[in-house]
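Structure first, commentary second.
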Amino acid sequence: MEENAIASLPQDAVCRVAMIGAGGMAREHLRAFADIPQVSIVGIMSRTRSKAEALAQEFNIPAATDSVEALAALQADLVVITVSANQVHKVVQACCAWPWTILTEKPVGLNLQQSEETLETVRKTGAQVYVALNRRFYSSVHKMKENLAHCTGPRFIEVFDQQEPEKLRKILGKADEIELMFGNSIHTIDFFSHLGRGSVTSVTPILPWNSSVPQAVCAAVTFSSGDSGIYHGLWNVPGPWAVSVTTREERWELRPLESARVQKAGSRTLEEVDLGDLDKKFKPGLRAQAEEAVKAALGLRHNCVSLENAHGTMRIIDAIYKH
């Protein structure tokens, strides 16, 4: 995921990319994919055709349409789904009928049942579906994980989440609190799936979710590897999005998530880590993620997040909040 990672793609390769959705996230994805020389953006689709046409003009995309069938006729290798959160699971299932690689925005469902239905469709059709959990592709996260690979012993992972339901509803549409957890808390809770090694063996509420007074939630997460973690969820009160990982040799802290600081064993100082400019030029994580999606579409080795892996995060969310 370094800035020169483009060298890992064959110079003569061509990946035909199509976009579903024409909102703000579509524009950010288009910027990232357009920066890859091996990418040809062949079409964009939106239920509001005028929006698709506007982005098509902005990014010099040859085709704009309002139907998946018309988009499929363009024979794209990769389709990127950027529709609203409450429509993702329906659009993904519809796209599974076509022989393209799919990169979809999260979540794949606003509850565990929708996620399971989508996963079942993917298994039946054999579709290649990956989930755009772009925080895994932050330069800060990449640098942290790269260094943690050299540390011995178990990891202790702390995840800090903060949510404001009324603001979330404006983003996700009409949804109850439990759906908002899947729709937005996935951004932070996914760090357990990404940083914890082995399988999740338990999720134990410490401060259980109270829907009548949504304020503080806390849960312990353990892994088969011996790693463990604590989730802190704050609702309707101030708080950060942050993650920290502690090992015998180093403690890493991402607060905000786009930054990284490290504390070495024996030191009391958190040292700032240089991360380069990639996540300043593009929405953080999207450029590195786009390149991995191109690799997947071309049949190359890649680091995209599988739907199965993303579903594991949905299970963690369900275990934390169903109590």
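Identifiers in the structure tokens: chain A, B, ... in order shown; residue index from 1 per chain; ligand index from 1 in order shown.
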
9 Å contact set for Ile206 in chain A, only C-alpha atoms, chain neighbours under 2 positions out, as a list in words = Thr204, Pro208, Val217, Cys218, Ala219 and Ala220 of chain A

* Tell me which protein, DNA and RNA residues are within 12 Å of Arg197 in chain A, counting only C-alpha atoms, leaving out same-chain ones fewer than 5 positions away, and put them as a VMD selection string. => chain A and resid 145 148 to 149 153 to 157 191 to 192 221 to 229

Self-check item: Residue nearest Ser244 in chain A among A:Val200, A:Met144, A:Met181, A:Ile320 (counting only C-alpha atoms)
Solution: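 Using only C-alpha atoms, the shortest distance to Ser244 in chain A belongs to A:Met144.
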
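Take the candidates A:Glu292, A:Glu58, A:Glu28, A:Glu69 and check each one against Leu103 in chain A using only C-alpha atoms; the shortest distance goes to A:Glu292.
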
message = Using DSSP assignments from the backbone, pull out every residue in range 73-264 of chain A that falls under alpha helix (DSSP H) and give it to me as an NGL selection string.
response = :A and (88-95 or 112-125 or 139-148 or 165-172 or 177-180 or 186-195)

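What separates CA of Tyr138 in chain A from CA of Gln289 in chain A is a distance of 8.8 Å.
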
Q) Leaving out Asn210 in chain A and any residue of its chain fewer than 5 positions from it, which residues lie within 9 Å of it when counting only C-alpha atoms, given as a count of residues only? A) 5

As a check of understanding: the span from CA of Lys124 in chain A to CA of Asp190 in chain A is 25.5 Å

Residue nearest Ser306 in chain A - candidates A:Ala132, A:Glu116, A:Arg261, A:Glu272, atoms counted: only C-alpha atoms
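Smallest separation from Ser306 in chain A among the options: A:Ala132.
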
For Arg255 in chain A, the nearest of the candidates A:Val243, A:Val108, A:Val39, A:Ala288, counting only C-alpha atoms
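So, comparing all the options, the nearest one is A:Val243.
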
(Q) Give me, as a ChimeraX atom specification, the residues of range 80-317 of chain A that a backbone DSSP run labels strand (DSSP E or B). (A) /A:80-81,101-105,129-132,156-163,200-207,216-223,228-235,242-246,250-254,261-264,271-272,305-306

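Near Val131 in chain A, within a cut-off of 7 Å and counting only C-alpha atoms, sit the residues A:Leu103, A:Thr104, A:Glu105, A:Lys106, A:Val305, A:Ser306, A:Leu307, A:Ala310, with same-chain residues fewer than 5 positions away left out.
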
Saved selection, atoms kept: all heavy atoms, as an mmCIF file, in the first residue's frame:
data_model
loop_
_atom_site.group_PDB
_atom_site.id
_atom_site.type_symbol
_atom_site.label_atom_id
_atom_site.label_comp_id
_atom_site.auth_asym_id
_atom_site.auth_seq_id
_atom_site.Cartn_x
_atom_site.Cartn_y
_atom_site.Cartn_z
ATOM 1 N N LEU A 103 -16.921 -4.521 -5.990
ATOM 2 C CA LEU A 103 -16.456 -3.846 -4.783
ATOM 3 C C LEU A 103 -17.612 -3.002 -4.289
ATOM 4 O O LEU A 103 -18.067 -2.097 -4.995
ATOM 5 C CB LEU A 103 -15.243 -2.961 -5.067
ATOM 6 C CG LEU A 103 -14.738 -2.129 -3.880
ATOM 7 C CD1 LEU A 103 -14.150 -3.020 -2.793
ATOM 8 C CD2 LEU A 103 -13.715 -1.082 -4.332
ATOM 9 N N THR A 104 -18.130 -3.304 -3.102
ATOM 10 C CA THR A 104 -19.297 -2.589 -2.613
ATOM 11 C C THR A 104 -18.996 -1.807 -1.345
ATOM 12 O O THR A 104 -18.237 -2.255 -0.480
ATOM 13 C CB THR A 104 -20.467 -3.552 -2.336
ATOM 14 O OG1 THR A 104 -21.588 -2.806 -1.827
ATOM 15 C CG2 THR A 104 -20.096 -4.623 -1.319
ATOM 16 N N GLU A 105 -19.609 -0.638 -1.250
ATOM 17 C CA GLU A 105 -19.530 0.111 -0.007
ATOM 18 C C GLU A 105 -20.221 -0.681 1.099
ATOM 19 O O GLU A 105 -21.106 -1.495 0.849
ATOM 20 C CB GLU A 105 -20.178 1.489 -0.172
ATOM 21 C CG GLU A 105 -19.233 2.563 -0.662
ATOM 22 C CD GLU A 105 -18.090 2.836 0.310
ATOM 23 O OE1 GLU A 105 -18.256 2.625 1.521
ATOM 24 O OE2 GLU A 105 -17.024 3.265 -0.157
ATOM 25 N N LYS A 106 -19.772 -0.428 2.320
ATOM 26 C CA LYS A 106 -20.388 -1.066 3.472
ATOM 27 C C LYS A 106 -21.556 -0.215 3.967
ATOM 28 O O LYS A 106 -21.647 0.961 3.583
ATOM 29 C CB LYS A 106 -19.360 -1.275 4.588
ATOM 30 C CG LYS A 106 -18.804 0.014 5.223
ATOM 31 C CD LYS A 106 -17.685 0.560 4.429
ATOM 32 C CE LYS A 106 -17.150 1.874 4.947
ATOM 33 N NZ LYS A 106 -16.320 2.551 3.957
ATOM 34 N N VAL A 305 -11.061 -7.023 0.987
ATOM 35 C CA VAL A 305 -11.789 -7.623 2.095
ATOM 36 C C VAL A 305 -12.956 -8.443 1.549
ATOM 37 O O VAL A 305 -13.876 -7.893 0.932
ATOM 38 C CB VAL A 305 -12.320 -6.542 3.058
ATOM 39 C CG1 VAL A 305 -12.989 -7.193 4.267
ATOM 40 C CG2 VAL A 305 -11.191 -5.614 3.495
ATOM 41 N N SER A 306 -12.923 -9.746 1.769
ATOM 42 C CA SER A 306 -13.983 -10.609 1.248
ATOM 43 C C SER A 306 -15.299 -10.344 1.974
ATOM 44 O O SER A 306 -15.315 -9.852 3.112
ATOM 45 C CB SER A 306 -13.604 -12.078 1.415
ATOM 46 O OG SER A 306 -13.616 -12.439 2.790
ATOM 47 N N LEU A 307 -16.389 -10.692 1.307
ATOM 48 C CA LEU A 307 -17.696 -10.551 1.936
ATOM 49 C C LEU A 307 -17.779 -11.417 3.187
ATOM 50 O O LEU A 307 -18.369 -11.019 4.197
ATOM 51 C CB LEU A 307 -18.801 -10.940 0.940
ATOM 52 C CG LEU A 307 -20.241 -10.792 1.446
ATOM 53 C CD1 LEU A 307 -20.538 -9.355 1.833
ATOM 54 C CD2 LEU A 307 -21.228 -11.264 0.388
ATOM 55 N N ALA A 310 -16.036 -9.558 5.990
ATOM 56 C CA ALA A 310 -16.861 -8.433 6.435
ATOM 57 C C ALA A 310 -18.062 -8.918 7.242
ATOM 58 O O ALA A 310 -18.488 -8.265 8.201
ATOM 59 C CB ALA A 310 -17.323 -7.620 5.225
#
